[in-house]
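This is data_5.cif. It holds mmCIF, C-alpha atoms and all ligand atoms.
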data_start
loop_
_atom_site.label_atom_id
_atom_site.label_comp_id
_atom_site.auth_asym_id
_atom_site.auth_seq_id
_atom_site.Cartn_x
_atom_site.Cartn_y
_atom_site.Cartn_z
CA MET A 29 -42.49 -70.19 0.26
CA LYS A 30 -38.89 -69.18 -0.10
CA LYS A 31 -39.88 -66.16 -2.08
CA VAL A 32 -42.27 -65.03 0.60
CA TRP A 33 -39.59 -65.41 3.27
CA TYR A 34 -37.22 -63.31 1.19
CA PHE A 35 -39.87 -60.64 0.84
CA PHE A 36 -40.46 -60.68 4.57
CA THR A 37 -36.73 -60.37 5.33
CA VAL A 38 -36.31 -57.39 3.05
CA THR A 39 -39.39 -55.75 4.51
CA LEU A 40 -38.10 -56.33 8.03
CA PHE A 41 -34.74 -54.85 7.09
CA VAL A 42 -36.37 -51.78 5.59
CA ALA A 43 -38.64 -51.48 8.61
CA LEU A 44 -35.66 -51.69 10.96
CA ALA A 45 -33.71 -49.13 8.97
CA SER A 46 -36.57 -46.65 8.96
CA CYS A 47 -37.24 -47.35 12.63
CA GLN A 48 -33.62 -46.50 13.37
CA SER A 49 -33.91 -43.17 11.61
CA ASP A 50 -37.03 -42.47 13.68
CA THR A 51 -35.05 -42.87 16.90
CA PRO A 52 -34.54 -39.40 18.38
CA SER A 53 -31.13 -38.24 17.20
CA MET A 54 -28.99 -35.62 18.85
CA ILE A 55 -29.78 -33.27 16.04
CA GLU A 56 -33.50 -33.60 16.64
CA LEU A 57 -32.99 -33.20 20.38
CA GLY A 58 -30.93 -30.09 19.66
CA LEU A 59 -28.16 -31.00 22.10
CA ASP A 60 -24.59 -32.11 21.41
CA ASP A 61 -22.58 -34.75 23.24
CA THR A 62 -19.67 -32.44 23.96
CA TYR A 63 -19.32 -28.70 24.47
CA VAL A 64 -16.17 -26.67 24.97
CA VAL A 65 -16.64 -23.30 26.67
CA GLU A 66 -14.58 -20.78 28.59
CA ARG A 67 -15.17 -20.43 32.31
CA MET A 68 -17.62 -17.67 33.30
CA LYS A 69 -19.42 -17.86 29.97
CA SER A 70 -23.04 -18.91 29.99
CA LEU A 71 -24.28 -21.71 27.73
CA THR A 72 -28.03 -22.14 27.45
CA LEU A 73 -29.15 -25.66 26.52
CA HIS A 74 -32.55 -25.99 24.90
CA PRO A 75 -33.93 -29.47 24.12
CA GLU A 76 -36.30 -29.56 21.19
CA PHE A 77 -38.39 -32.28 22.86
CA THR A 78 -40.93 -31.55 25.53
CA GLY A 79 -42.07 -33.78 28.37
CA GLU A 80 -44.09 -33.79 31.55
CA ARG A 81 -41.04 -32.81 33.56
CA TYR A 82 -37.27 -32.36 33.29
CA GLU A 83 -34.23 -33.06 35.40
CA TRP A 84 -30.74 -31.71 34.77
CA ARG A 85 -28.03 -33.31 36.89
CA LEU A 86 -24.45 -32.11 37.07
CA SER A 87 -21.27 -33.93 38.13
CA TYR A 88 -17.81 -32.45 38.02
CA GLU A 89 -14.34 -32.42 39.37
CA THR A 90 -12.35 -29.20 39.68
CA ALA A 91 -9.42 -28.08 41.79
CA ALA A 92 -11.98 -27.30 44.50
CA GLY A 93 -13.21 -30.88 44.66
CA VAL A 94 -15.72 -33.36 43.33
CA VAL A 95 -19.44 -32.76 43.11
CA SER A 96 -21.41 -35.71 41.93
CA ASP A 97 -24.88 -35.88 40.49
CA SER A 98 -26.53 -32.83 41.96
CA LEU A 99 -29.91 -31.74 40.63
CA VAL A 100 -29.36 -28.28 39.11
CA ALA A 101 -32.60 -27.57 37.27
CA THR A 102 -36.09 -28.93 36.65
CA SER A 103 -36.97 -26.56 33.81
CA ARG A 104 -36.94 -27.38 30.11
CA ASP A 105 -33.96 -25.09 29.42
CA TYR A 106 -30.84 -24.96 31.52
CA THR A 107 -28.14 -22.30 31.51
CA PHE A 108 -24.79 -23.74 32.39
CA VAL A 109 -21.97 -21.54 33.64
CA ALA A 110 -18.90 -22.61 35.56
CA GLY A 111 -16.59 -20.42 37.59
CA GLU A 112 -13.74 -22.88 37.31
CA GLU A 113 -12.06 -24.97 34.65
CA GLY A 114 -12.72 -28.68 34.61
CA THR A 115 -14.74 -31.37 32.95
CA TYR A 116 -18.41 -31.27 33.76
CA ARG A 117 -20.87 -34.07 33.08
CA LEU A 118 -24.46 -33.08 32.58
CA LYS A 119 -27.39 -35.47 32.35
CA LEU A 120 -30.79 -34.46 31.06
CA ASN A 121 -33.83 -36.63 31.72
CA ILE A 122 -37.07 -35.75 30.00
CA PHE A 123 -39.88 -37.62 31.68
CA ASP A 124 -42.66 -38.37 29.27
CA PRO A 125 -44.80 -41.50 28.92
CA ALA A 126 -44.57 -41.49 25.12
CA ASN A 127 -41.02 -40.28 24.57
CA PRO A 128 -38.75 -40.45 27.62
CA ILE A 129 -35.21 -39.19 26.97
CA GLU A 130 -31.94 -39.53 28.76
CA HIS A 131 -29.06 -37.57 27.27
CA LEU A 132 -25.50 -37.28 28.57
CA MET A 133 -23.28 -34.33 27.78
CA GLN A 134 -19.71 -33.51 28.58
CA ILE A 135 -18.81 -29.85 28.98
CA VAL A 136 -15.12 -29.03 28.91
CA VAL A 137 -14.52 -25.69 30.62
CA ARG A 138 -11.29 -23.95 29.71
CA ARG A 139 -9.60 -20.87 31.06
CA GLU A 140 -10.31 -17.70 29.09
CA GLU A 141 -7.61 -16.64 26.62
CA VAL A 142 -7.89 -12.96 27.48
CA ALA A 143 -8.26 -12.19 31.20
CA TYR A 144 -11.72 -10.92 32.18
CA SER A 145 -12.38 -7.54 33.70
CA PRO A 146 -14.44 -7.47 36.91
CA TYR A 147 -15.94 -4.15 35.79
CA ILE A 148 -18.71 -3.02 33.46
CA ALA A 149 -17.64 -3.54 29.84
CA ARG A 150 -20.64 -1.94 28.15
CA VAL A 151 -23.61 0.31 28.82
CA TYR A 152 -26.48 -0.96 26.68
CA GLU A 153 -29.05 1.65 27.58
CA TYR A 154 -29.15 4.88 29.55
CA ARG A 155 -32.64 6.28 30.10
CA PRO A 156 -32.85 8.60 33.10
CA ALA A 157 -36.09 10.07 34.39
CA PRO A 158 -36.08 13.87 34.81
CA GLY A 159 -33.89 15.04 37.69
CA GLN A 160 -31.54 17.69 39.03
CA PHE A 161 -28.40 15.94 37.73
CA VAL A 162 -29.86 14.92 34.36
CA ASN A 163 -28.13 16.57 31.39
CA VAL A 164 -25.14 17.04 33.74
CA LEU A 165 -24.09 13.48 34.77
CA PRO A 166 -23.24 12.79 32.00
CA LYS A 167 -23.28 16.17 30.27
CA TYR A 168 -25.73 16.77 27.45
CA GLU A 169 -24.48 18.87 24.58
CA GLU A 170 -26.43 20.21 21.61
CA GLY A 171 -26.81 17.48 19.00
CA ASP A 172 -26.49 14.56 21.42
CA THR A 173 -28.67 11.53 20.69
CA GLU A 174 -29.69 8.50 22.71
CA GLU A 175 -26.65 6.69 21.25
CA THR A 176 -24.13 9.44 22.06
CA MET A 177 -25.55 9.73 25.59
CA ARG A 178 -25.30 5.94 25.97
CA GLN A 179 -21.66 6.21 24.92
CA LYS A 180 -21.07 9.01 27.44
CA ALA A 181 -22.61 6.90 30.20
CA GLU A 182 -20.35 4.04 29.14
CA ASP A 183 -17.31 6.32 29.21
CA CYS A 184 -18.27 7.25 32.80
CA LEU A 185 -18.60 3.66 34.00
CA ALA A 186 -16.78 1.11 31.85
CA TYR A 187 -13.57 -0.51 33.10
CA ASN A 188 -13.70 1.35 36.39
CA ALA A 189 -13.56 4.76 34.72
CA GLY A 190 -14.34 6.25 38.13
CA SER A 191 -17.03 8.69 37.08
CA MET A 192 -20.73 8.62 37.88
CA ILE A 193 -24.11 8.86 36.17
CA SER A 194 -27.46 9.96 37.58
CA LEU A 195 -30.65 8.01 36.87
CA GLY A 196 -32.91 10.97 37.75
CA GLY A 197 -36.27 10.52 39.50
CA TYR A 198 -38.30 7.34 39.99
CA GLY A 199 -37.92 4.78 37.20
CA GLY A 200 -34.88 6.20 35.39
CA TYR A 201 -32.51 3.38 34.53
CA VAL A 202 -29.27 2.09 33.10
CA VAL A 203 -28.54 -1.36 31.62
CA VAL A 204 -24.97 -2.65 31.79
CA GLY A 205 -23.05 -5.81 30.84
CA PHE A 206 -19.64 -7.41 31.22
CA ASP A 207 -17.07 -9.31 29.16
CA HIS A 208 -18.14 -12.54 30.88
CA THR A 209 -20.99 -14.00 32.93
CA ILE A 210 -21.11 -13.15 36.64
CA VAL A 211 -21.30 -16.53 38.36
CA ASN A 212 -23.77 -17.07 41.19
CA ARG A 213 -22.00 -18.57 44.17
CA PRO A 214 -24.85 -19.73 46.42
CA GLY A 215 -25.08 -17.83 49.69
CA GLU A 216 -22.48 -15.23 48.67
CA TYR A 217 -22.59 -11.72 47.29
CA ASP A 218 -21.72 -11.94 43.58
CA PHE A 219 -21.35 -8.29 42.56
CA LYS A 220 -21.41 -4.84 44.07
CA VAL A 221 -22.98 -1.63 42.82
CA LEU A 222 -21.11 1.60 43.50
CA GLY A 223 -23.00 4.84 44.06
CA ASN A 224 -22.54 8.09 45.99
CA ALA A 225 -24.60 7.35 49.10
CA THR A 226 -23.49 8.79 52.42
CA GLN A 227 -24.68 8.07 55.93
CA GLY A 228 -28.13 9.71 55.87
CA GLY A 229 -27.86 10.30 52.12
CA SER A 230 -29.39 7.17 50.54
CA GLU A 231 -31.27 7.20 47.24
CA PRO A 232 -32.22 3.55 46.82
CA GLY A 233 -32.24 1.98 43.38
CA ILE A 234 -33.75 -1.37 42.48
CA VAL A 235 -31.43 -3.91 40.86
CA MET A 236 -32.53 -6.41 38.21
CA VAL A 237 -30.55 -9.15 36.49
CA SER A 238 -30.88 -11.04 33.22
CA VAL A 239 -29.28 -13.98 31.44
CA ASP A 240 -28.44 -13.94 27.73
CA VAL A 241 -30.62 -17.00 27.17
CA ASN A 242 -30.93 -16.49 23.40
CA GLY A 243 -27.16 -16.02 23.15
CA ASN A 244 -27.27 -12.90 20.97
CA GLY A 245 -25.17 -10.78 23.33
CA MET A 246 -28.02 -8.31 23.86
CA PRO A 247 -30.19 -7.69 26.94
CA ASP A 248 -33.44 -8.73 25.25
CA ASP A 249 -34.18 -11.65 27.60
CA GLU A 250 -36.31 -11.96 30.75
CA TRP A 251 -35.47 -9.66 33.68
CA TYR A 252 -35.53 -10.69 37.32
CA GLU A 253 -35.71 -8.29 40.25
CA LEU A 254 -33.29 -8.89 43.10
CA ALA A 255 -35.74 -8.89 46.00
CA GLY A 256 -34.18 -6.63 48.63
CA SER A 257 -35.28 -6.08 52.23
CA GLU A 258 -38.43 -4.16 51.21
CA TYR A 259 -39.66 -6.49 48.45
CA TYR A 260 -42.29 -8.40 50.44
CA LYS A 261 -43.48 -5.45 52.57
CA GLU A 262 -46.97 -4.02 52.19
CA THR A 263 -45.51 -0.55 51.79
CA THR A 264 -43.88 -1.62 48.52
CA VAL A 265 -45.96 -1.06 45.39
CA LYS A 266 -45.56 -3.59 42.56
CA GLY A 267 -46.53 -2.59 39.03
CA TYR A 268 -46.03 1.11 39.70
CA GLU A 269 -46.11 3.31 36.61
CA ILE A 270 -45.23 6.97 36.31
CA THR A 271 -45.35 9.43 33.40
CA TYR A 272 -43.33 12.65 33.25
CA TYR A 273 -44.36 15.44 30.86
CA ARG A 274 -41.80 17.61 29.10
CA PRO A 275 -41.78 20.93 30.98
CA ASP A 276 -42.01 24.31 29.30
CA GLU A 277 -38.59 25.76 30.04
CA ASP A 278 -39.94 29.27 29.35
CA LYS A 279 -42.87 29.15 31.77
CA THR A 280 -43.07 31.69 34.59
CA PRO A 281 -41.53 29.99 37.66
CA GLU A 282 -43.58 29.60 40.84
CA PRO A 283 -41.16 30.13 43.72
CA GLY A 284 -41.69 28.05 46.86
CA SER A 285 -41.67 29.12 50.49
CA SER A 286 -37.99 28.21 50.63
CA ALA A 287 -35.47 30.35 48.74
CA SER A 288 -33.76 27.17 47.55
CA ILE A 289 -36.76 26.16 45.43
CA THR A 290 -37.17 28.32 42.35
CA ASP A 291 -40.13 26.60 40.67
CA VAL A 292 -42.47 24.30 42.60
CA THR A 293 -44.51 23.36 39.50
CA TYR A 294 -41.59 22.66 37.19
CA GLN A 295 -41.63 18.97 36.24
CA HIS A 296 -45.14 17.50 36.28
CA TRP A 297 -45.81 13.77 36.70
CA THR A 298 -48.80 11.47 37.11
CA ASP A 299 -48.89 7.83 38.17
CA ASN A 300 -51.18 4.81 37.88
CA GLN A 301 -52.16 5.01 41.58
CA GLY A 302 -54.06 8.28 41.11
CA GLY A 303 -51.00 10.27 42.17
CA ASP A 304 -49.91 13.55 40.64
CA GLY A 305 -47.08 15.90 41.54
CA TYR A 306 -43.96 17.82 40.62
CA ILE A 307 -40.25 17.63 40.77
CA SER A 308 -39.49 21.20 41.80
CA ARG A 309 -36.51 23.02 40.42
CA VAL A 310 -33.86 23.76 43.03
CA VAL A 311 -31.65 26.81 42.97
CA PHE A 312 -28.46 24.76 42.81
CA HIS A 313 -29.42 23.11 39.52
CA GLN A 314 -30.89 25.43 36.92
CA GLN A 315 -30.32 23.35 33.76
CA PRO A 316 -33.27 21.50 32.15
CA TYR A 317 -34.16 18.37 34.15
CA TYR A 318 -35.91 16.50 31.32
CA PRO A 319 -33.49 14.42 29.16
CA GLN A 320 -32.85 16.89 26.34
CA TRP A 321 -31.74 14.28 23.81
CA LEU A 322 -35.07 12.42 23.85
CA PRO A 323 -37.62 13.58 21.27
CA TYR A 324 -40.67 12.44 23.28
CA GLU A 325 -43.16 14.78 24.95
CA SER A 326 -43.64 12.35 27.84
CA LEU A 327 -41.66 9.52 29.41
CA THR A 328 -43.23 6.53 31.16
CA PHE A 329 -41.41 4.22 33.56
CA GLU A 330 -42.64 1.20 35.46
CA GLY A 331 -41.45 -1.12 38.19
CA THR A 332 -41.52 -1.68 41.91
CA ARG A 333 -41.88 1.46 44.02
CA LEU A 334 -40.30 1.52 47.47
CA ALA A 335 -41.85 3.59 50.25
CA ASP A 336 -40.42 7.07 50.77
CA ASN A 337 -37.14 6.82 52.66
CA ALA A 338 -36.43 10.47 53.49
CA VAL A 339 -37.62 12.34 56.59
CA ASP A 340 -37.61 16.09 57.23
CA GLU A 341 -36.07 15.88 60.72
CA SER A 342 -36.25 19.65 61.22
CA GLY A 343 -39.98 19.89 60.42
CA ASN A 344 -39.24 23.14 58.58
CA GLY A 345 -37.54 21.82 55.46
CA SER A 346 -34.00 22.62 56.55
CA TYR A 347 -32.72 19.17 57.47
CA TYR A 348 -33.57 15.98 55.59
CA VAL A 349 -32.28 12.54 56.47
CA LEU A 350 -32.37 10.07 53.58
CA ASN A 351 -32.51 6.73 55.39
CA SER A 352 -30.98 3.50 54.09
CA TYR A 353 -33.07 0.43 53.54
CA ASP A 354 -31.75 -2.69 55.24
CA TRP A 355 -30.19 -4.46 52.24
CA GLY A 356 -30.48 -5.19 48.54
CA TYR A 357 -30.55 -1.70 46.96
CA ALA A 358 -28.13 0.42 44.92
CA ASP A 359 -26.92 3.85 46.15
CA ASN A 360 -28.19 2.86 49.58
CA TYR A 361 -24.94 2.59 51.58
CA PRO A 362 -21.53 4.24 51.21
CA ASN A 363 -19.17 2.38 48.89
CA ASN A 364 -17.06 1.11 51.79
CA ASN A 365 -20.04 -0.73 53.32
CA GLU A 366 -20.27 -4.43 52.47
CA LYS A 367 -24.06 -4.03 52.01
CA ILE A 368 -23.44 -2.63 48.53
CA GLY A 369 -23.12 -6.35 47.65
CA PHE A 370 -25.81 -8.25 45.73
CA ASN A 371 -26.56 -11.96 45.72
CA ILE A 372 -28.01 -13.46 42.54
CA ASP A 373 -29.87 -15.89 44.84
CA TRP A 374 -32.30 -13.02 45.56
CA ALA A 375 -33.71 -13.11 42.01
CA VAL A 376 -37.49 -13.37 41.64
CA ASP A 377 -39.69 -13.49 38.55
CA ASP A 378 -42.44 -10.99 37.79
CA LYS A 379 -44.85 -12.94 40.02
CA GLY A 380 -42.43 -12.87 42.94
CA ASN A 381 -41.38 -16.52 42.69
CA PRO A 382 -37.70 -17.14 43.45
CA VAL A 383 -35.69 -18.23 40.43
CA SER A 384 -32.43 -20.15 40.49
CA LEU A 385 -29.79 -18.60 38.22
CA SER A 386 -26.32 -20.08 37.76
CA GLY A 387 -25.02 -16.71 36.56
CA ILE A 388 -26.11 -13.41 34.98
CA ASP A 389 -25.02 -11.39 31.96
CA PHE A 390 -26.82 -8.08 32.42
CA VAL A 391 -27.69 -5.74 35.28
CA LYS A 392 -30.38 -3.05 35.23
CA ILE A 393 -30.60 -0.41 37.95
CA TYR A 394 -33.47 2.06 38.35
CA THR A 395 -34.41 4.71 40.87
CA GLY A 396 -36.81 2.97 43.28
CA VAL A 397 -38.30 5.86 45.29
CA ASN A 398 -40.60 8.66 44.09
CA GLN A 399 -40.03 11.38 46.66
CA PHE A 400 -39.14 15.06 46.49
CA ASN A 401 -37.03 16.24 49.43
CA GLY A 402 -37.12 20.03 49.39
CA TRP A 403 -33.76 21.68 48.75
CA VAL A 404 -32.11 18.24 48.56
CA GLY A 405 -34.17 17.66 45.39
CA GLU A 406 -35.81 14.47 44.15
CA CYS A 407 -34.59 11.04 45.17
CA SER A 408 -32.35 10.01 42.29
CA THR A 409 -30.09 6.97 42.27
CA GLU A 410 -26.52 7.51 41.13
CA VAL A 411 -24.36 4.69 39.71
CA ALA A 412 -20.55 4.76 39.68
CA GLY A 413 -19.90 1.16 38.68
CA VAL A 414 -20.78 -2.52 38.99
CA THR A 415 -18.04 -4.97 39.97
CA ASP A 416 -17.92 -8.76 39.81
CA LEU A 417 -16.82 -9.93 43.27
CA HIS A 418 -15.52 -13.28 41.98
CA ILE A 419 -12.70 -11.75 39.89
CA ALA A 420 -9.82 -9.96 41.59
CA GLU A 421 -9.76 -6.19 41.00
CA CA A 501 -24.58 -15.64 45.09
CA CA A 502 -30.09 -11.82 24.58
CA CA A 503 -27.15 9.45 45.29
#

For the structure just supplied, provide its representation as structure tokens.
Ligand SMILES: [Ca+2]
Ligand SMILES: [Ca+2]
Ligand SMILES: [Ca+2]
Amino acid sequence: MKKVWYFFTVTLFVALASCQSDTPSMIELGLDDTYVVERMKSLTLHPEFTGERYEWRLSYETAAGVVSDSLVATSRDYTFVAGEEGTYRLKLNIFDPANPIEHLMQIVVRREEVAYSPYIARVYEYRPAPGQFVNVLPKYEEGDTEETMRQKAEDCLAYNAGSMISLGGYGGYVVVGFDHTIVNRPGEYDFKVLGNATQGGSEPGIVMVSVDVNGNGMPDDEWYELAGSEYYKETTVKGYEITYYRPDEDKTPEPGSSASITDVTYQHWTDNQGGDGYISRVVFHQQPYYPQWLPYESLTFEGTRLADNAVDESGNGSYYVLNSYDWGYADNYPNNNEKIGFNIDWAVDDKGNPVSLSGIDFVKIYTGVNQFNGWVGECSTEVAGVTDLHIAE
């Protein structure tokens, strides 16, 4: 009898010990108890366990005051970023009948050791569509490659260099990043995009944002469009796709009715809406319009297409007005207008559903209109900088 009891006790002990090691540990959950990060640096938290639903609740005290227990996300992953130093308490609940989890984390947010710049720190990609300022802003030189042109674009824009790049016709784009995460302050503009728009000289570009969710420092994560004033209108085409074909620079030009257009059939394009047309060559810009450093015979771009914004007020091609859209586009208002500001709250996913982002690491800007405006040339967005509005210039 005694022997049996002994056996039972040992078995129970072993069972308890193994049961304990089966309890979800922090390592299995993939989340620590404490994190130390700099302010304005994103930290994406990814639990290894799944459940029926998730709740992330945040409490903190900073110089600005106390916020207690506000629900900040209901997704499996949560990207934390704080604009201010302080101690933040984060609680994750995973609701699941079989394996419910509650996990508390403390995030200590410190001030950065090296002061951040509010300006672009890096150009990751520069891929213009053909246009009258392509190969000029920035300048293409024999032997340039995609990498050297990226570097030239970066030299134009980074750290408020004060120069400008052209994105060419519809779809041409640039991808930029910063030395920190731009924090989303709800209800406020978070960054501004500088261009060269004038009153009556708008060339609207669509702005997208992305978070470095996988933490590799590269813009290889999901993109979200900032839904501007035109986003939900019927005149806006989603899923637009255009292909430009490398022009023969030696072909016989076909002059237009206007002396300012030297070749009306210069740069051919087709689109996925059955459309087909040309970017004509204008007399003021005689260099090749197709990006000379790219080895491809055609270039395809896709995105949201805004309705044409320019109007020939004269009716005879002599006077074009390039109208601004209401809000939410790059190169759409002069740089002294506050409507060059962008609010991360406007972000939507590829189905048009609003997404809540605590901050963003990357910005992509592309020309959003496919319109040729006579002697004024094609609508082409220009970018002269992107500035974080939450850091003093
Ligand atoms: Ca905001
Ligand atoms: Ca990434
Ligand atoms: Ca412009």

For atom CA of A:Tyr252 and atom CA of A:Ile210, quote the distance in Å rounded to one decimal.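 Calculated distance between atom CA of A:Tyr252 and atom CA of A:Ile210 is 14.6 Å.
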
Considering all atoms listed in the file, give me a table of residues in stretch 111-156 of chain A that are at most 6 Å from stretch 177-188 of chain A, with the closest atom pair and distance in Å for each, as CSV.
residue,atom,partner,partner_atom,distance
A:Tyr147,CA,A:Tyr187,CA,5.1
A:Ile148,CA,A:Ala186,CA,4.8
A:Ala149,CA,A:Ala186,CA,5.1
A:Val151,CA,A:Glu182,CA,5.0
A:Glu153,CA,A:Arg178,CA,5.9
A:Tyr154,CA,A:Arg178,CA,5.4

Please tell me which residues are no farther than 9 Å from (-35.7, 0.0, 55.4) in the file, counting all atoms listed in the file, and write them as a PyMOL selection string. chain A and resi 257-258+335+337+351-355

Find the residues near ligand CA 503 (chain A). Use a cut-off of 8 Å, count all atoms listed in the file, and write them as a count of residues only. 15

Atomic separation - atom CA of A:Pro158 relative to atom CA of A:Thr415, Å: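 Atom CA of A:Pro158 lies at a distance of 26.6 Å from atom CA of A:Thr415.
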
Give me the residues of chain A that have any atom at most 8 Å from an atom of ligand CA 502 (chain A); for each, the nearest atom pair and the distance in Å, rounded to one decimal. Use only C-alpha atoms and all ligand atoms, sort by chain and number, and format it as JSON lines.
{"residue": "A:Val239", "atom": "CA", "partner": "A:CA502", "partner_atom": "CA", "distance": 7.2}
{"residue": "A:Asp240", "atom": "CA", "partner": "A:CA502", "partner_atom": "CA", "distance": 4.1}
{"residue": "A:Val241", "atom": "CA", "partner": "A:CA502", "partner_atom": "CA", "distance": 5.8}
{"residue": "A:Asn242", "atom": "CA", "partner": "A:CA502", "partner_atom": "CA", "distance": 4.9}
{"residue": "A:Gly243", "atom": "CA", "partner": "A:CA502", "partner_atom": "CA", "distance": 5.3}
{"residue": "A:Asn244", "atom": "CA", "partner": "A:CA502", "partner_atom": "CA", "distance": 4.7}
{"residue": "A:Gly245", "atom": "CA", "partner": "A:CA502", "partner_atom": "CA", "distance": 5.2}
{"residue": "A:Met246", "atom": "CA", "partner": "A:CA502", "partner_atom": "CA", "distance": 4.1}
{"residue": "A:Pro247", "atom": "CA", "partner": "A:CA502", "partner_atom": "CA", "distance": 4.8}
{"residue": "A:Asp248", "atom": "CA", "partner": "A:CA502", "partner_atom": "CA", "distance": 4.6}
{"residue": "A:Asp249", "atom": "CA", "partner": "A:CA502", "partner_atom": "CA", "distance": 5.1}

Show me which residues sit within 10 Å of ligand CA 501 (chain A) when counting all atoms listed in the file, and put them as a ChimeraX atom specification. /A:210-219,369-375,385-387,417-418

Please define a box with edges along x, y and z of the file around all atoms of stretch 141-149 of chain A given in the file, extend it by 8 Å on each side, and return its centre and edge lengths in Å to one decimal, as JSON.
{"center_x": -13.2, "center_y": -9.8, "center_z": 31.8, "size_x": 27.1, "size_y": 29.6, "size_z": 26.3}

Taking (-33.2, -26.1, 32.6) in the file's coordinates, which residues come within 8 Å, counting all atoms listed in the file, written as an MDAnalysis selection string? chainID A and resid 73:74 82:84 100:107

Option closest in space to A:Gln295, from A:Glu76, A:Glu341, A:Glu406, A:Asp207 [counting all atoms listed in the file]: A:Glu406

Tell me which of A:Asp378, A:Glu269, A:Glu174, A:Glu130 sits closest to A:Leu59, counting only C-alpha atoms.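 Ranked by minimum distance to A:Leu59, first place goes to A:Glu130.
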
How many Å separate atom CA of A:Tyr144 from atom CA of A:Glu175? 25.5 Å

For stretch 74-177 of chain A against stretch 306-321 of chain A, with a cut-off of 12 Å and counting all atoms listed in the file, what is the closest atom pair and its distance in Å to one decimal for every residue that makes the cut, ordered by chain and number, as a Markdown table?
| residue | atom | partner | partner_atom | distance |
| --- | --- | --- | --- | --- |
| A:Tyr154 | CA | A:Pro319 | CA | 10.5 |
| A:Arg155 | CA | A:Pro319 | CA | 8.2 |
| A:Pro156 | CA | A:Pro319 | CA | 7.1 |
| A:Ala157 | CA | A:Tyr318 | CA | 7.1 |
| A:Pro158 | CA | A:Tyr318 | CA | 4.4 |
| A:Gly159 | CA | A:Tyr317 | CA | 4.9 |
| A:Gln160 | CA | A:Tyr317 | CA | 5.6 |
| A:Phe161 | CA | A:Tyr317 | CA | 7.2 |
| A:Val162 | CA | A:Tyr317 | CA | 5.5 |
| A:Asn163 | CA | A:Pro319 | CA | 6.2 |
| A:Val164 | CA | A:Gln315 | CA | 8.2 |
| A:Leu165 | CA | A:Pro319 | CA | 11.0 |
| A:Pro166 | CA | A:Pro319 | CA | 10.8 |
| A:Lys167 | CA | A:Gln320 | CA | 10.4 |
| A:Tyr168 | CA | A:Gln320 | CA | 7.2 |
| A:Glu169 | CA | A:Trp321 | CA | 8.6 |
| A:Glu170 | CA | A:Trp321 | CA | 8.3 |
| A:Gly171 | CA | A:Trp321 | CA | 7.6 |
| A:Asp172 | CA | A:Trp321 | CA | 5.8 |
| A:Thr173 | CA | A:Trp321 | CA | 5.2 |
| A:Glu174 | CA | A:Trp321 | CA | 6.2 |
| A:Glu175 | CA | A:Trp321 | CA | 9.5 |
| A:Thr176 | CA | A:Trp321 | CA | 9.2 |
| A:Met177 | CA | A:Trp321 | CA | 7.9 |

Nearest candidate to A:Glu253 (options A:Ser145, A:Thr293, A:Asn364, A:Ser238; using all atoms listed in the file):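 Of all the options, A:Ser238 lies closest to A:Glu253.
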
Name all residues at most 8 Å from A:Ser96 (count only C-alpha atoms; drop same-chain ones fewer than 2 positions away) and give them as a PyMOL selection string. chain A and resi 86-88+94+98
